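Trainee: If it helps, the file is called structure-v6.tsv and holds TSV, C-alpha atoms and all ligand atoms:
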```tsv
chain	number	residue	atom	x	y	z
A	1	MET	CA	71.94	97.62	83.70
A	2	LEU	CA	71.50	98.87	87.27
A	3	ILE	CA	68.64	97.53	89.30
A	4	PRO	CA	67.79	98.30	92.91
A	5	PHE	CA	68.55	95.44	95.20
A	6	SER	CA	66.86	94.44	98.41
A	7	MET	CA	69.52	92.88	100.58
A	8	LYS	CA	66.76	91.87	103.01
A	9	ASN	CA	65.90	89.03	100.66
A	10	CYS	CA	69.51	88.40	99.89
A	11	PHE	CA	70.38	88.26	103.57
A	12	ARG	CA	67.63	85.71	104.18
A	13	LEU	CA	68.78	83.65	101.23
A	14	LEU	CA	72.48	83.86	101.75
A	15	CYS	CA	73.30	83.94	105.42
A	16	HIS	CA	74.89	80.60	106.11
A	17	HIS	CA	73.22	80.09	109.45
A	18	LYS	CA	69.76	80.62	107.93
A	19	VAL	CA	69.62	78.40	104.87
A	20	PRO	CA	71.36	75.15	103.93
A	21	THR	CA	73.64	75.28	100.87
A	22	ALA	CA	71.42	73.15	98.66
A	23	SER	CA	68.55	75.64	98.70
A	24	PHE	CA	70.34	78.11	96.42
A	25	ARG	CA	72.06	75.63	94.13
A	26	ASN	CA	70.04	76.81	91.21
A	27	PRO	CA	71.50	78.09	87.94
A	28	ALA	CA	69.99	81.56	88.32
A	29	THR	CA	71.96	82.25	91.49
A	30	HIS	CA	75.54	81.30	90.75
A	31	GLY	CA	76.93	84.56	91.92
A	32	LEU	CA	76.11	88.17	92.58
A	33	ILE	CA	77.41	91.51	91.38
A	34	LEU	CA	77.03	94.26	93.95
A	35	GLN	CA	77.88	97.94	93.82
A	36	SER	CA	77.98	100.24	96.81
A	37	ILE	CA	76.01	103.48	96.73
A	38	SER	CA	78.36	104.86	99.40
A	39	ASN	CA	81.72	106.57	98.80
A	40	ASP	CA	82.74	106.26	102.43
A	41	VAL	CA	85.84	104.11	102.79
A	42	TYR	CA	84.95	102.90	106.30
A	43	GLN	CA	81.43	101.87	105.29
A	44	ASN	CA	82.72	100.06	102.23
A	45	LEU	CA	85.48	98.25	104.14
A	46	ALA	CA	82.84	97.34	106.76
A	47	LEU	CA	80.67	95.83	104.05
A	48	GLU	CA	83.59	93.69	102.93
A	49	ASP	CA	83.95	92.43	106.50
A	50	TRP	CA	80.23	91.85	106.79
A	51	ILE	CA	80.03	89.78	103.61
A	52	HIS	CA	83.15	87.85	104.60
A	53	ASP	CA	81.68	87.08	108.02
A	54	HIS	CA	78.02	86.42	107.14
A	55	ILE	CA	77.53	85.20	103.61
A	56	HIS	CA	77.73	81.59	102.64
A	57	LEU	CA	79.84	81.76	99.49
A	58	GLU	CA	79.74	78.13	98.41
A	59	GLY	CA	78.24	78.17	94.92
A	60	MET	CA	77.65	81.90	95.36
A	61	PRO	CA	80.75	83.96	94.57
A	62	ILE	CA	80.30	87.72	94.84
A	63	LEU	CA	81.88	90.61	92.99
A	64	PHE	CA	81.64	93.86	94.91
A	65	LEU	CA	82.36	97.18	93.13
A	66	TRP	CA	83.01	100.32	95.15
A	67	ARG	CA	84.58	103.74	94.94
A	68	ASN	CA	85.65	106.12	97.66
A	69	SER	CA	85.99	109.85	98.20
A	70	PRO	CA	89.67	110.81	98.49
A	71	CYS	CA	91.43	108.65	101.07
A	72	VAL	CA	94.60	106.71	101.74
A	73	VAL	CA	94.28	103.01	102.57
A	74	ILE	CA	97.14	101.32	104.37
A	75	GLY	CA	97.67	97.58	104.74
A	76	ARG	CA	96.95	95.77	107.99
A	77	HIS	CA	100.60	95.63	109.12
A	78	GLN	CA	101.76	99.06	108.02
A	79	ASN	CA	103.00	102.21	109.71
A	80	PRO	CA	101.04	105.28	108.48
A	81	TRP	CA	103.87	107.66	109.48
A	82	GLN	CA	106.21	105.75	107.15
A	83	GLU	CA	103.72	105.54	104.32
A	84	CYS	CA	102.00	108.85	103.94
A	85	ASN	CA	101.95	112.55	104.63
A	86	LEU	CA	99.56	112.74	107.57
A	87	HIS	CA	99.94	116.54	107.87
A	88	LEU	CA	98.84	117.04	104.31
A	89	MET	CA	95.99	114.57	104.77
A	90	ARG	CA	94.71	116.40	107.88
A	91	GLN	CA	95.03	119.73	106.10
A	92	GLU	CA	93.14	118.51	103.02
A	93	GLY	CA	90.59	116.45	104.95
A	94	ILE	CA	91.74	113.18	103.35
A	95	LYS	CA	90.69	110.13	105.34
A	96	LEU	CA	93.12	107.45	106.43
A	97	ALA	CA	91.91	103.86	106.62
A	98	ARG	CA	93.61	100.65	107.72
A	99	ARG	CA	92.23	97.64	105.92
A	100	ARG	CA	92.12	94.07	107.20
A	101	SER	CA	94.18	92.70	104.31
A	102	GLY	CA	97.96	92.94	104.15
A	103	GLY	CA	100.14	94.69	101.59
A	104	GLY	CA	100.97	98.27	100.75
A	105	THR	CA	99.44	101.73	100.76
A	106	VAL	CA	97.21	103.06	98.00
A	107	TYR	CA	95.36	106.27	97.24
A	108	HIS	CA	91.66	106.21	96.34
A	109	ASP	CA	89.31	108.77	94.90
A	110	LEU	CA	86.29	108.58	92.61
A	111	GLY	CA	88.65	107.93	89.69
A	112	ASN	CA	89.75	104.67	91.26
A	113	ILE	CA	87.58	101.54	91.17
A	114	ASN	CA	87.84	98.90	93.87
A	115	LEU	CA	86.85	95.35	93.10
A	116	THR	CA	86.40	92.66	95.73
A	117	PHE	CA	86.13	89.04	94.64
A	118	PHE	CA	84.54	86.96	97.40
A	119	THR	CA	84.77	83.18	97.17
A	120	THR	CA	85.22	80.21	99.40
A	121	LYS	CA	88.84	79.67	100.40
A	122	THR	CA	89.11	76.78	97.93
A	123	LYS	CA	87.86	78.86	94.98
A	124	TYR	CA	90.13	81.83	95.80
A	125	ASP	CA	92.24	82.55	92.69
A	126	ARG	CA	93.76	86.01	92.25
A	127	MET	CA	95.25	85.33	88.82
A	128	GLU	CA	91.86	84.22	87.47
A	129	ASN	CA	90.29	87.42	88.78
A	130	LEU	CA	92.98	89.59	87.22
A	131	LYS	CA	92.61	87.76	83.89
A	132	LEU	CA	88.88	88.48	84.08
A	133	ILE	CA	89.65	92.19	84.47
A	134	VAL	CA	92.06	92.05	81.53
A	135	ARG	CA	89.39	90.38	79.35
A	136	ALA	CA	86.92	93.09	80.36
A	137	LEU	CA	89.41	95.84	79.46
A	138	ASN	CA	90.15	94.20	76.13
A	139	ALA	CA	86.44	93.86	75.41
A	140	VAL	CA	86.25	97.68	75.56
A	141	GLN	CA	89.60	98.33	73.93
A	142	PRO	CA	91.13	95.29	72.16
A	143	TYR	CA	94.52	96.94	71.62
A	144	LEU	CA	95.12	97.75	75.26
A	145	ASP	CA	98.27	96.02	76.56
A	146	VAL	CA	97.52	95.02	80.16
A	147	GLN	CA	99.29	92.15	81.91
A	148	PRO	CA	99.17	90.71	85.44
A	149	THR	CA	102.53	90.49	87.23
A	150	LYS	CA	103.89	87.91	89.67
A	151	LYS	CA	102.92	90.21	92.55
A	152	PHE	CA	99.40	90.47	91.14
A	153	ASP	CA	99.65	94.07	89.97
A	154	LEU	CA	98.24	94.93	86.55
A	155	LEU	CA	100.69	96.70	84.27
A	156	LEU	CA	99.77	98.85	81.31
A	157	ASP	CA	102.25	98.83	78.39
A	158	GLY	CA	104.58	96.63	80.41
A	159	GLN	CA	105.55	99.44	82.79
A	160	TYR	CA	102.70	101.44	84.34
A	161	LYS	CA	100.83	100.08	87.32
A	162	ILE	CA	97.06	100.41	86.98
A	163	SER	CA	96.04	97.97	89.71
A	164	GLY	CA	97.30	96.71	93.07
A	165	THR	CA	96.12	93.64	94.93
A	166	ALA	CA	95.62	92.50	98.50
A	167	SER	CA	93.66	89.70	100.10
A	168	LYS	CA	92.24	88.15	103.20
A	169	ILE	CA	91.93	84.43	103.61
A	170	GLY	CA	89.69	83.18	106.39
A	171	ARG	CA	88.99	79.65	107.58
A	172	ILE	CA	86.23	79.11	105.00
A	173	ALA	CA	85.77	82.33	103.07
A	174	ALA	CA	88.33	84.52	101.31
A	175	TYR	CA	88.46	87.70	99.35
A	176	HIS	CA	90.80	89.21	96.86
A	177	HIS	CA	90.44	92.95	96.41
A	178	CYS	CA	92.19	95.19	93.96
A	179	THR	CA	92.19	98.74	92.67
A	180	LEU	CA	91.83	99.95	89.10
A	181	LEU	CA	93.11	103.40	88.22
A	182	CYS	CA	90.85	105.07	85.77
A	183	SER	CA	91.06	108.81	86.35
A	184	ALA	CA	92.50	109.30	89.83
A	185	ASP	CA	94.26	112.49	90.85
A	186	ARG	CA	97.90	111.52	90.21
A	187	THR	CA	99.26	114.70	91.80
A	188	ALA	CA	97.36	114.01	95.02
A	189	LEU	CA	98.39	110.36	94.91
A	190	SER	CA	102.11	111.09	94.73
A	191	SER	CA	102.13	113.90	97.29
A	192	LEU	CA	99.98	112.02	99.82
A	193	LEU	CA	102.01	108.81	99.55
A	194	LYS	CA	105.28	110.56	100.39
A	195	SER	CA	106.23	110.45	104.06
A	196	PRO	CA	107.93	113.59	105.40
A	197	TYR	CA	108.78	111.85	108.70
A	198	GLN	CA	112.44	111.03	109.38
A	199	GLY	CA	114.17	108.50	111.59
A	200	ILE	CA	111.39	105.90	111.99
A	201	LYS	CA	112.47	102.28	112.43
A	202	SER	CA	110.00	99.38	112.41
A	203	ASN	CA	109.25	95.94	111.05
A	204	ALA	CA	106.03	97.17	109.45
A	205	THR	CA	105.30	96.04	105.88
A	206	PRO	CA	106.79	98.57	103.45
A	207	SER	CA	104.89	99.57	100.31
A	208	VAL	CA	106.36	98.93	96.87
A	209	PRO	CA	106.17	102.24	94.97
A	210	SER	CA	105.51	102.06	91.23
A	211	VAL	CA	105.02	104.40	88.33
A	212	ILE	CA	101.27	104.52	87.87
A	213	LYS	CA	98.97	105.54	85.05
A	214	ASN	CA	95.24	106.16	84.63
A	215	LEU	CA	93.39	104.13	81.99
A	216	LEU	CA	91.41	107.19	80.90
A	217	GLU	CA	94.68	108.97	80.05
A	218	LYS	CA	95.56	106.09	77.75
A	219	ASP	CA	92.15	105.99	76.10
A	220	PRO	CA	89.28	108.46	76.64
A	221	LEU	CA	86.84	105.58	76.22
A	222	LEU	CA	87.91	104.02	79.49
A	223	SER	CA	85.78	105.89	82.04
A	224	CYS	CA	84.93	104.39	85.44
A	225	GLU	CA	81.34	103.71	84.37
A	226	VAL	CA	82.40	101.93	81.18
A	227	LEU	CA	85.01	99.89	83.06
A	228	MET	CA	82.61	98.84	85.83
A	229	SER	CA	79.98	97.73	83.29
A	230	ALA	CA	82.57	95.83	81.27
A	231	ILE	CA	83.91	94.03	84.36
A	232	ALA	CA	80.39	93.22	85.54
A	233	ALA	CA	79.54	91.85	82.09
A	234	GLU	CA	82.65	89.68	82.03
A	235	TYR	CA	81.97	88.43	85.57
A	236	ALA	CA	78.37	87.60	84.65
A	237	ALA	CA	79.48	85.73	81.52
A	238	CYS	CA	82.13	83.85	83.44
A	239	HIS	CA	79.71	82.74	86.17
A	240	GLN	CA	76.66	82.35	83.92
A	241	ILE	CA	74.58	84.82	85.87
A	242	ASP	CA	72.42	87.80	84.96
A	243	ASN	CA	74.37	90.90	84.06
A	244	HIS	CA	72.76	92.97	86.80
A	245	ILE	CA	74.68	95.28	89.08
A	246	LYS	CA	72.78	95.34	92.33
A	247	LEU	CA	73.03	98.58	94.26
A	248	ILE	CA	73.49	98.27	98.00
A	249	ASN	CA	73.72	100.68	100.90
A	250	PRO	CA	76.43	99.64	103.37
A	251	ALA	CA	74.97	101.89	106.08
A	252	ASP	CA	71.67	100.00	106.15
A	253	GLU	CA	71.58	98.25	109.47
A	254	THR	CA	68.30	96.47	108.63
A	255	GLN	CA	69.93	94.76	105.67
A	256	PHE	CA	73.33	94.20	107.27
A	257	PRO	CA	72.81	93.84	111.01
A	258	GLY	CA	75.87	94.98	112.94
A	259	ILE	CA	77.50	96.76	110.00
A	260	ASN	CA	77.60	100.21	111.60
A	261	SER	CA	79.60	98.96	114.55
A	262	LYS	CA	82.07	97.42	112.10
A	263	ALA	CA	82.41	100.79	110.33
A	264	LYS	CA	82.85	102.52	113.69
A	265	GLU	CA	85.66	100.18	114.65
A	266	LEU	CA	87.42	100.79	111.33
A	267	GLN	CA	87.22	104.55	112.00
A	268	SER	CA	88.64	104.39	115.49
A	269	TRP	CA	92.06	105.76	116.42
A	270	GLN	CA	92.80	102.41	118.08
A	271	TRP	CA	92.35	100.55	114.79
A	272	ILE	CA	93.92	103.06	112.39
A	273	TYR	CA	96.93	104.18	114.45
A	274	GLY	CA	96.88	101.86	117.46
A	275	ARG	CA	97.39	98.78	115.29
A	276	THR	CA	100.69	100.09	113.95
A	277	PRO	CA	103.48	97.59	114.64
A	278	LYS	CA	105.87	98.79	117.37
A	279	PHE	CA	108.27	101.42	116.08
A	280	SER	CA	110.92	103.86	117.21
A	281	VAL	CA	111.68	107.43	116.22
A	282	ASN	CA	115.17	108.88	116.38
A	283	THR	CA	115.30	112.36	114.95
A	284	THR	CA	116.83	115.79	115.43
A	285	PHE	CA	115.53	119.24	114.71
A	286	ARG	CA	116.92	122.72	114.79
A	287	VAL	CA	115.54	125.57	116.83
A	288	PRO	CA	116.57	129.23	116.54
A	289	TYR	CA	119.09	130.40	119.12
A	290	GLU	CA	120.88	133.78	119.24
A	291	GLN	CA	121.07	134.52	115.49
A	292	ALA	CA	121.95	130.83	114.88
A	293	HIS	CA	120.47	127.40	115.55
A	294	LEU	CA	120.92	124.58	117.98
A	295	GLU	CA	119.97	120.92	117.75
A	296	ILE	CA	117.40	119.01	119.75
A	297	GLN	CA	117.32	115.22	119.67
A	298	VAL	CA	114.21	113.13	120.20
A	299	PHE	CA	114.05	109.37	120.80
A	300	MET	CA	110.72	107.63	121.24
A	301	ASP	CA	109.48	104.06	121.30
A	302	VAL	CA	105.86	103.70	120.26
A	303	LYS	CA	103.79	100.59	120.93
A	304	ASN	CA	100.10	100.25	120.05
A	305	GLY	CA	100.27	103.92	119.01
A	306	LEU	CA	101.24	104.94	122.55
A	307	ILE	CA	104.57	106.50	123.55
A	308	GLU	CA	106.39	103.92	125.64
A	309	THR	CA	109.70	105.70	126.14
A	310	CYS	CA	110.65	109.29	125.47
A	311	ASP	CA	114.05	110.94	125.61
A	312	ILE	CA	114.25	114.54	124.46
A	313	LYS	CA	117.75	115.99	124.62
A	314	ALA	CA	117.99	119.78	124.53
A	315	PRO	CA	121.01	121.86	125.63
A	316	ASP	CA	120.52	122.81	129.28
A	317	HIS	CA	121.31	126.47	128.60
A	318	TRP	CA	118.45	126.60	126.09
A	319	LEU	CA	115.81	124.83	128.17
A	320	PRO	CA	116.54	123.64	131.72
A	321	LEU	CA	116.74	119.86	132.11
A	322	GLU	CA	114.03	119.94	134.75
A	323	ILE	CA	111.61	121.42	132.20
A	324	VAL	CA	112.62	118.98	129.46
A	325	ASN	CA	112.10	116.12	131.89
A	326	LYS	CA	108.51	117.22	132.45
A	327	LEU	CA	107.98	116.47	128.79
A	328	ASN	CA	109.95	113.22	128.87
A	329	SER	CA	107.85	111.75	131.64
A	330	GLY	CA	104.59	113.46	130.57
A	331	PHE	CA	104.69	111.83	127.16
A	332	ILE	CA	104.86	108.29	128.52
A	333	GLY	CA	101.61	106.46	127.90
A	334	SER	CA	100.16	109.20	125.70
A	335	LYS	CA	99.07	108.76	122.07
A	336	PHE	CA	101.63	109.49	119.35
A	337	CYS	CA	99.23	112.10	118.06
A	338	PRO	CA	99.46	115.89	117.53
A	339	ILE	CA	96.07	116.64	119.11
A	340	GLU	CA	96.85	114.67	122.25
A	341	THR	CA	100.30	116.31	122.35
A	342	THR	CA	98.75	119.79	122.25
A	343	LEU	CA	96.42	118.96	125.14
A	344	LEU	CA	99.18	117.36	127.17
A	345	THR	CA	101.80	120.07	126.64
A	346	ASN	CA	99.29	122.83	127.44
A	347	ILE	CA	98.52	121.16	130.75
A	348	LEU	CA	102.22	120.59	131.52
A	349	LEU	CA	103.09	124.18	130.68
A	350	ARG	CA	100.92	125.36	133.57
A	351	THR	CA	103.30	123.61	135.95
A	352	CYS	CA	106.30	125.56	134.58
A	353	PRO	CA	107.51	128.95	135.88
A	354	ASP	CA	105.53	131.82	134.40
A	355	GLU	CA	108.32	133.28	132.24
A	356	GLN	CA	107.74	134.56	128.76
A	357	HIS	CA	111.05	133.40	127.19
A	358	LEU	CA	110.64	129.92	128.69
A	359	HIS	CA	107.08	129.60	127.39
A	360	SER	CA	108.10	130.60	123.91
A	361	LYS	CA	110.91	127.97	123.84
A	362	TRP	CA	108.50	125.36	125.21
A	363	ASN	CA	106.05	126.22	122.43
A	364	ILE	CA	108.75	126.01	119.76
A	365	LEU	CA	109.84	122.61	121.08
A	366	CYS	CA	106.28	121.27	121.31
A	367	GLU	CA	105.49	122.48	117.80
A	368	LYS	CA	108.53	120.57	116.52
A	369	ILE	CA	107.48	117.42	118.38
A	370	ARG	CA	103.94	117.68	116.96
A	371	GLY	CA	105.61	117.87	113.57
A	372	ILE	CA	106.95	114.31	113.83
A	373	MET	CA	103.45	112.87	114.51
B	401	LIG	N1	94.85	103.21	93.62
B	401	LIG	C1	96.02	102.69	93.24
B	401	LIG	N2	96.05	101.69	92.34
B	401	LIG	C2	97.22	101.15	91.94
B	401	LIG	N3	98.41	101.55	92.39
B	401	LIG	C3	98.43	102.52	93.30
B	401	LIG	C4	97.24	103.15	93.76
B	401	LIG	N4	97.59	104.09	94.66
B	401	LIG	C5	98.93	104.05	94.75
B	401	LIG	N5	99.44	103.10	93.93
B	401	LIG	C6	100.85	102.72	93.72
B	401	LIG	O1	101.05	101.45	94.36
B	401	LIG	C7	102.10	101.55	95.35
B	401	LIG	C8	101.86	100.60	96.50
B	401	LIG	O2	101.93	99.29	95.98
B	401	LIG	P1	101.94	98.01	96.91
B	401	LIG	O3	102.19	96.83	96.04
B	401	LIG	O4	102.87	98.22	98.06
B	401	LIG	O5	100.49	97.94	97.55
B	401	LIG	C9	99.34	97.72	96.84
B	401	LIG	O6	99.29	97.78	95.63
B	401	LIG	C10	98.14	97.41	97.72
B	401	LIG	C11	96.86	97.26	96.96
B	401	LIG	C12	95.68	97.25	97.91
B	401	LIG	C13	94.38	97.15	97.19
B	401	LIG	C14	93.17	97.24	98.11
B	401	LIG	C15	91.90	97.10	97.34
B	401	LIG	C16	90.74	97.66	98.07
B	401	LIG	S1	91.18	98.54	99.48
B	401	LIG	S2	93.06	98.74	98.99
B	401	LIG	C17	102.08	103.00	95.73
B	401	LIG	O7	103.30	103.43	96.30
B	401	LIG	C18	101.82	103.69	94.39
B	401	LIG	O8	102.98	103.71	93.61
```
Show this structure as structure tokens.
Ligand SMILES: Nc1ncnc2c1ncn2[C@@H]1O[C@H](COP(=O)(O)OC(=O)CCCC[C@@H]2CCSS2)[C@@H](O)[C@H]1O
Mentor:
Amino acid sequence: MLIPFSMKNCFRLLCHHKVPTASFRNPATHGLILQSISNDVYQNLALEDWIHDHIHLEGMPILFLWRNSPCVVIGRHQNPWQECNLHLMRQEGIKLARRRSGGGTVYHDLGNINLTFFTTKTKYDRMENLKLIVRALNAVQPYLDVQPTKKFDLLLDGQYKISGTASKIGRIAAYHHCTLLCSADRTALSSLLKSPYQGIKSNATPSVPSVIKNLLEKDPLLSCEVLMSAIAAEYAACHQIDNHIKLINPADETQFPGINSKAKELQSWQWIYGRTPKFSVNTTFRVPYEQAHLEIQVFMDVKNGLIETCDIKAPDHWLPLEIVNKLNSGFIGSKFCPIETTLLTNILLRTCPDEQHLHSKWNILCEKIRGIM
């Protein structure tokens, strides 16, 4: 059953700096089940941070259920250019988010449920949480074969991934969050999680691709709504609490003071791209030349999302070295980003001789460079 929830009260009751632990050691409050009314990935990730930072979880574990509009979520130490098709994402208006937990890249849409299990660090137990999900699934469909793996995925029929896990462990609090594929767009998932970018080298965490399946495709009974209710019911039974899913609005600053600035930070270029571990790009591309093609080489080192070194090598007879060097030095310190590259190269072009053939080669080259970003 869904009931509206006033986090104002909850905030007063649960914030660790407001109330001593003993005051909520009462059997009616041994946990909470929350569900976000927002489908915005940044707001939902911000709420995770907010709960992690503000709520006293001793004797008060929390299950948070949330779903997002189409987006790709990379792990804290990942390189988005190695993990996904950023061109396609920009074209389709698919958001990219970097979460605070480690691990690989996943695709979310309204057919994917996210579950966050908040506990104290000492109560943190991913396998227990996954077993709870399995019990919930089996309560709906007893014949469903779902098993947790050593890497804390959930596998359907011993081979199809239906859930991936990541976690964040703080000094006192911790959370384990995982996905659950119910009816996600598998075509979008596989095309978005395929990187078209070549020649990137880095120490970023690589994802572990799997063959995935949606639960609803296995059994038409297993809709997102049914699954969320079943998991909430199992969580409530397990923690001896009321089976109420409390709806919350992660954009409500009065209930979660400071949450909007957390969401803003998660949306910033500096967090999403700038936090990419240092990487290098070494690639070549072909440009048309007199009924044939010639090759251009590009080397770049990128640190904090900014181009640290740039070495574009183009045959001198195609584009004079002096012109190429304008690009090489112009790129230094600029964002590894197609929008910034357009602005920069348009400004630089004004300093080049006003010759039509030169401008068109410059534009071809810049278009190719934007293509690696
Ligand atoms: N939504 C979803 N669920 C399960 N598996 C997925 C999903 N999207 C993609 N994949 C598959 O998992 C691999 C990556 O697996 P890998 O093991 O590398 O990474 C993960 O599983 C991370 C899970 C993070 C869960 C967080 C919970 C809330 S915010 S995101 C990818 O290449 C696909 O094959």
Trainee: Could you check how far CA of Ser334 in chain A sits from CA of Ile312 in chain A, in Å to one decimal?
Mentor: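 For CA of Ser334 in chain A relative to CA of Ile312 in chain A, the distance reads 15.1 Å.
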Trainee: Report as number ranges by chain all protein, DNA and RNA residues lying within 7 Å of Lys194 in chain A, evaluated on only C-alpha atoms, omitting residues in the same chain fewer than 6 positions from it.
Mentor: A: 83-85
Trainee: Within 6 Å of ligand LIG 401 (chain B), counting all atoms listed in the file: which residues, as a list of chain:residue names?
Mentor: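 Within the 6 Å cut-off, the matching residues are A:Val73, A:Gly103, A:Gly104, A:Thr105, A:Val106, A:Tyr107, A:His108, A:Asn112, A:Asn114, A:Lys161, A:Ile162, A:Ser163, A:Gly164, A:Thr165, A:Ala166, A:His177, A:Cys178, A:Thr179, A:Leu180, A:Leu181, A:Ser207, A:Val208, A:Pro209, A:Ser210, A:Val211.
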Trainee: Of the candidates A:Pro320, A:Pro250, A:Gly333, A:Pro315, which shows the shortest atom-to-atom distance to Cys352 in chain A, using only C-alpha atoms?
Mentor: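 Nearest candidate to Cys352 in chain A out of A:Pro320, A:Pro250, A:Gly333, A:Pro315: A:Pro320.
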Trainee: Could you tell me how far CA of Gln267 in chain A sits from CA of Val302 in chain A, in Å to one decimal place?
Mentor: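 These two atoms are separated by 20.4 Å.
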Trainee: Pick out the closest residue to Thr205 in chain A from this set: A:Thr341, A:Thr276, A:Gln91, A:Thr119. Count all atoms listed in the file.
Mentor: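 For Thr205 in chain A, the nearest of the candidates is A:Thr276.
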Trainee: To one decimal in Å, tell me the separation between CA of Leu132 in chain A and CA of Ile231 in chain A.
Mentor: 7.5 Å
Trainee: Given the choices A:Thr187, A:Gln159, A:Asn346, A:Thr120, which gets closest to Val146 in chain A if the distance is worked out from only C-alpha atoms?
Mentor: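 Nearest candidate to Val146 in chain A out of A:Thr187, A:Gln159, A:Asn346, A:Thr120: A:Gln159.
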Trainee: Report as an NGL selection string all protein, DNA and RNA residues lying within 12 Å of range 147-150 of chain A, evaluated on only C-alpha atoms, omitting residues in the same chain fewer than 3 positions from it.
Mentor: :A and (126-135 or 137-138 or 144 or 153-165 or 178)
Trainee: Quick one: everything within 9 Å of range 198-203 of chain A, counting only C-alpha atoms, minus sequence neighbours fewer than 6 positions away in the same chain. Send it as a list of chain:residue names.
Mentor: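 Contacts, in chain order: A:His77, A:Gln78, A:Asn79, A:Trp81, A:Gln82, A:Pro277, A:Lys278, A:Phe279, A:Ser280, A:Val281, A:Asn282, A:Thr283, A:Thr284, A:Ile372.
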Trainee: Would you kindly return, as a list of chain:residue names, each protein, DNA or RNA residue with an atom no farther than 9 Å from any atom of Lys361 in chain A, considering only C-alpha atoms and excluding same-chain residues fewer than 6 positions away?
Mentor: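 Surrounding residues, per the criterion: A:Val287, A:Trp318, A:Leu319.
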Trainee: Write the selection just made, keeping C-alpha atoms, as a compact mmCIF listing (two decimals), keeping the file's coordinate frame?
Mentor:
```txt
# COMPACT_ATOMS: atom_id res chain seq x y z
CA VAL A 287 115.54 125.57 116.83
CA TRP A 318 118.45 126.60 126.09
CA LEU A 319 115.81 124.83 128.17
```
Trainee: For Arg99 in chain A, which residue out of A:Ala174, A:Leu57, A:Leu34, A:Ala46 is the nearest one, using all atoms listed in the file?
Mentor: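 Closest candidate: A:Ala46.
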Trainee: In terms of the shortest atom-to-atom distance over all atoms listed in the file, which of A:Lys326, A:Asp109, A:Ile55, A:Ser261 is closest to Ala188 in chain A?
Mentor: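 When distances to Ala188 in chain A are compared using all atoms listed in the file, the smallest one comes from A:Asp109.
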Trainee: I want to know what sits within 10 Å of Gly170 in chain A, based on all atoms listed in the file, with residues of the same chain fewer than 2 positions away left out; could you give that as a list of chain:residue names?
Mentor: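 Those residues are A:His52, A:Asp53, A:Thr120, A:Lys121, A:Ser167, A:Lys168, A:Ile172, A:Ala173, A:Ala174, A:Tyr175.
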Trainee: Range 291-298 of chain A, all listed atoms, 4 Å padding on each side: what axis-aligned box centre and edge lengths in Å to one decimal come out, as lines of an AutoDock Vina configuration file?
Mentor:
```
center_x = 118.1
center_y = 123.8
center_z = 117.5
size_x = 15.7
size_y = 29.4
size_z = 13.3
```
Trainee: Check the smallest atom-to-atom distance from each of A:Asp354, A:Glu367, A:Asp301, A:Asp185 to Asn214 in chain A using all atoms listed in the file, then report the winner.
Mentor: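 So, comparing all the options, the nearest one is A:Asp185.
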Trainee: Residues proximal to (81.0, 96.2, 111.9) were defined as those with any atom within 12 Å of that point in the file's coordinates, counting all atoms listed in the file. Which are they, as a ChimeraX atom specification?
Mentor: /A:42-54,250-253,256-268
Trainee: Kindly write range 267-288 of chain A with C-alpha atoms to a file, as an mmCIF file, in the first residue's frame.
Mentor:
```cif
data_model
loop_
_atom_site.group_PDB
_atom_site.id
_atom_site.type_symbol
_atom_site.label_atom_id
_atom_site.label_comp_id
_atom_site.auth_asym_id
_atom_site.auth_seq_id
_atom_site.Cartn_x
_atom_site.Cartn_y
_atom_site.Cartn_z
ATOM 1 C CA GLN A 267 24.972 17.059 -12.968
ATOM 2 C CA SER A 268 28.098 19.106 -13.453
ATOM 3 C CA TRP A 269 30.584 18.497 -16.254
ATOM 4 C CA GLN A 270 33.342 18.504 -13.630
ATOM 5 C CA TRP A 271 31.792 15.540 -11.817
ATOM 6 C CA ILE A 272 30.566 13.509 -14.803
ATOM 7 C CA TYR A 273 33.518 13.949 -17.182
ATOM 8 C CA GLY A 274 36.120 15.759 -15.073
ATOM 9 C CA ARG A 275 36.370 12.860 -12.620
ATOM 10 C CA THR A 276 37.461 10.455 -15.349
ATOM 11 C CA PRO A 277 40.805 8.867 -14.447
ATOM 12 C CA LYS A 278 43.668 10.200 -16.596
ATOM 13 C CA PHE A 279 43.648 8.667 -20.066
ATOM 14 C CA SER A 280 45.304 8.920 -23.449
ATOM 15 C CA VAL A 281 43.923 8.743 -26.970
ATOM 16 C CA ASN A 282 45.979 7.501 -29.886
ATOM 17 C CA THR A 283 43.933 7.270 -33.038
ATOM 18 C CA THR A 284 44.026 7.848 -36.771
ATOM 19 C CA PHE A 285 41.375 8.911 -39.212
ATOM 20 C CA ARG A 286 41.114 9.251 -42.938
ATOM 21 C CA VAL A 287 40.253 12.429 -44.783
ATOM 22 C CA PRO A 288 39.452 12.701 -48.498
#
```
